[in-house]
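Here is the structure we will look at.
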Amino acid sequence: MPDPDQALVEACQTANKQDFDEAYRQLFVLYQDRVFTICLRVTGNQEDALDAAQETMVTLARRIKDFAFRSRFSSWVFRIAVNAAIDSRRKRLDAPRAGVQTTVGNAEGERQLQQVAAEESHADPVQEVSRTENQVLIQDALARMNPRFAALLVLRYIEGMSYDEISEVQECSLGTVKSRLNRAHTALREFLQHRGFDPSELTP
Amino acid sequence: MSQPSHQPDLPQQIAQDLRALGGVQAPSELWQRVQEERSFTELGEVAAPEELWARVQAELGMEVAAPQGRLLRGIFGGKSLAAAAALLIFGGLSIFNPWSSPSGLSQDFVVLAPQTSESAREAFRSRAQFQKVTPQEMSSISRGLAGSLGGFMVEDDA
């Protein structure tokens, strides 16, 4: 199956500077929101997410000429984004920035979550508040768990990828994806249970 | 991206809440930041023009034909300073090796000396502070270095 981004990528690879800028701009528009979402959910805060998304997009521009279509272009982009977000988390653990908060307790993050919840649930305001609280807790869990596990949950549930697609992004076997995802599920369940979730709510 | 083909291992409600965390819009600032960084890195490292060496040479009043650093870099792959120091020490030790014969000493010096022209010596001398010492006060390595830098005459004076 041909890569849907092939034409734009090849335009970047063969174009002069002006045409490159145009093709690159189109790829940027295609991927910016998904790259930013991955970075935001793995890092847990806007500032680190912006840094990681910037690094992803700059790396993409620098290395696109060497991209040889051995995987889908999207997998390559998400791989760079996941690695940039994980690096950003590690850097923050090494040297915490003053004033940077995770999405929990961050007005902008909570507003975004409330907006999403409001769009999806118009019927019951009580249920709406409860769902928003759950989403805040889940975001907190992502920001605190092993970033590799967080990235897996983001790719699987937020990006809606199949195991095959995740194995391409992570450059590992299907078995490894399944076993790591299993551990990520366990880590999420344990976190939520620790935060007062009823265990019956945490079993499929 | 295709939807997951497997039944999720998380409760449906939790999986839904996770999915609801998606679809965040990237801030418009992202494009500006990426463009700024790209234009900054495009400035990159620029190769020095050949003229630079000629201008430095003229400034120092040196007569050496080719930049020694480039020559050594070509031979030793960029470790020219270390290589030059090693050569200097090796040369110095060879000249003033206590086990070598006096005739060997003068022969080695003849080989090394032409590499440093008189004007180059003058240029370096004008930038150095001299202190007169006798060869007996110096270690064999120091004597070797002094000899290769043109300080051999001091020994003669002494």
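Residue numbers start at 1 in each chain; chains themselves are named A, B, ... in the order of the structure tokens; ligands are numbered from 1 in the order shown.
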At most 6 Å to chain A: residues in chain B, only C-alpha atoms, as a list in words
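Putting it all together, I get Gln3, Pro4, Leu10, Pro11, Asp17, Arg19, Gly22, Val24, Gln25, Ala26 and Val34 of chain B.
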So that I have them on file, write out the residues from the current selection with N, CA and C atoms, as a PDB file, in the first residue's frame.
```pdb
ATOM      1  N   GLN B   3      -8.523   2.085  13.245  1.00  0.00           N
ATOM      2  CA  GLN B   3      -8.956   1.882  14.619  1.00  0.00           C
ATOM      3  C   GLN B   3      -8.349   0.590  15.159  1.00  0.00           C
ATOM      4  N   PRO B   4      -8.202   0.507  16.499  1.00  0.00           N
ATOM      5  CA  PRO B   4      -7.623  -0.702  17.059  1.00  0.00           C
ATOM      6  C   PRO B   4      -8.451  -1.927  16.675  1.00  0.00           C
ATOM      7  N   LEU B  10      -8.336  -2.441  28.689  1.00  0.00           N
ATOM      8  CA  LEU B  10      -8.784  -1.526  29.739  1.00  0.00           C
ATOM      9  C   LEU B  10     -10.309  -1.466  29.696  1.00  0.00           C
ATOM     10  N   PRO B  11     -10.943  -1.148  30.832  1.00  0.00           N
ATOM     11  CA  PRO B  11     -12.400  -0.999  30.804  1.00  0.00           C
ATOM     12  C   PRO B  11     -12.789   0.054  29.759  1.00  0.00           C
ATOM     13  N   ASP B  17     -12.070   7.609  28.196  1.00  0.00           N
ATOM     14  CA  ASP B  17     -11.481   8.802  28.826  1.00  0.00           C
ATOM     15  C   ASP B  17     -10.081   9.075  28.267  1.00  0.00           C
ATOM     16  N   ARG B  19      -9.082   8.255  25.219  1.00  0.00           N
ATOM     17  CA  ARG B  19      -9.277   8.772  23.853  1.00  0.00           C
ATOM     18  C   ARG B  19      -9.669  10.250  23.884  1.00  0.00           C
ATOM     19  N   GLY B  22      -7.244  13.142  23.364  1.00  0.00           N
ATOM     20  CA  GLY B  22      -6.657  13.414  22.044  1.00  0.00           C
ATOM     21  C   GLY B  22      -7.181  14.691  21.429  1.00  0.00           C
ATOM     22  N   VAL B  24      -5.777  17.584  20.630  1.00  0.00           N
ATOM     23  CA  VAL B  24      -5.379  18.913  21.103  1.00  0.00           C
ATOM     24  C   VAL B  24      -4.770  19.693  19.930  1.00  0.00           C
ATOM     25  N   GLN B  25      -5.142  20.956  19.817  1.00  0.00           N
ATOM     26  CA  GLN B  25      -4.587  21.784  18.733  1.00  0.00           C
ATOM     27  C   GLN B  25      -3.210  22.297  19.119  1.00  0.00           C
ATOM     28  N   ALA B  26      -2.288  22.181  18.199  1.00  0.00           N
ATOM     29  CA  ALA B  26      -0.952  22.737  18.460  1.00  0.00           C
ATOM     30  C   ALA B  26      -1.052  24.265  18.487  1.00  0.00           C
ATOM     31  N   VAL B  34       9.582  26.779  15.092  1.00  0.00           N
ATOM     32  CA  VAL B  34      10.268  25.866  14.170  1.00  0.00           C
ATOM     33  C   VAL B  34      10.960  26.664  13.062  1.00  0.00           C
TER      34      VAL B  34
END
```
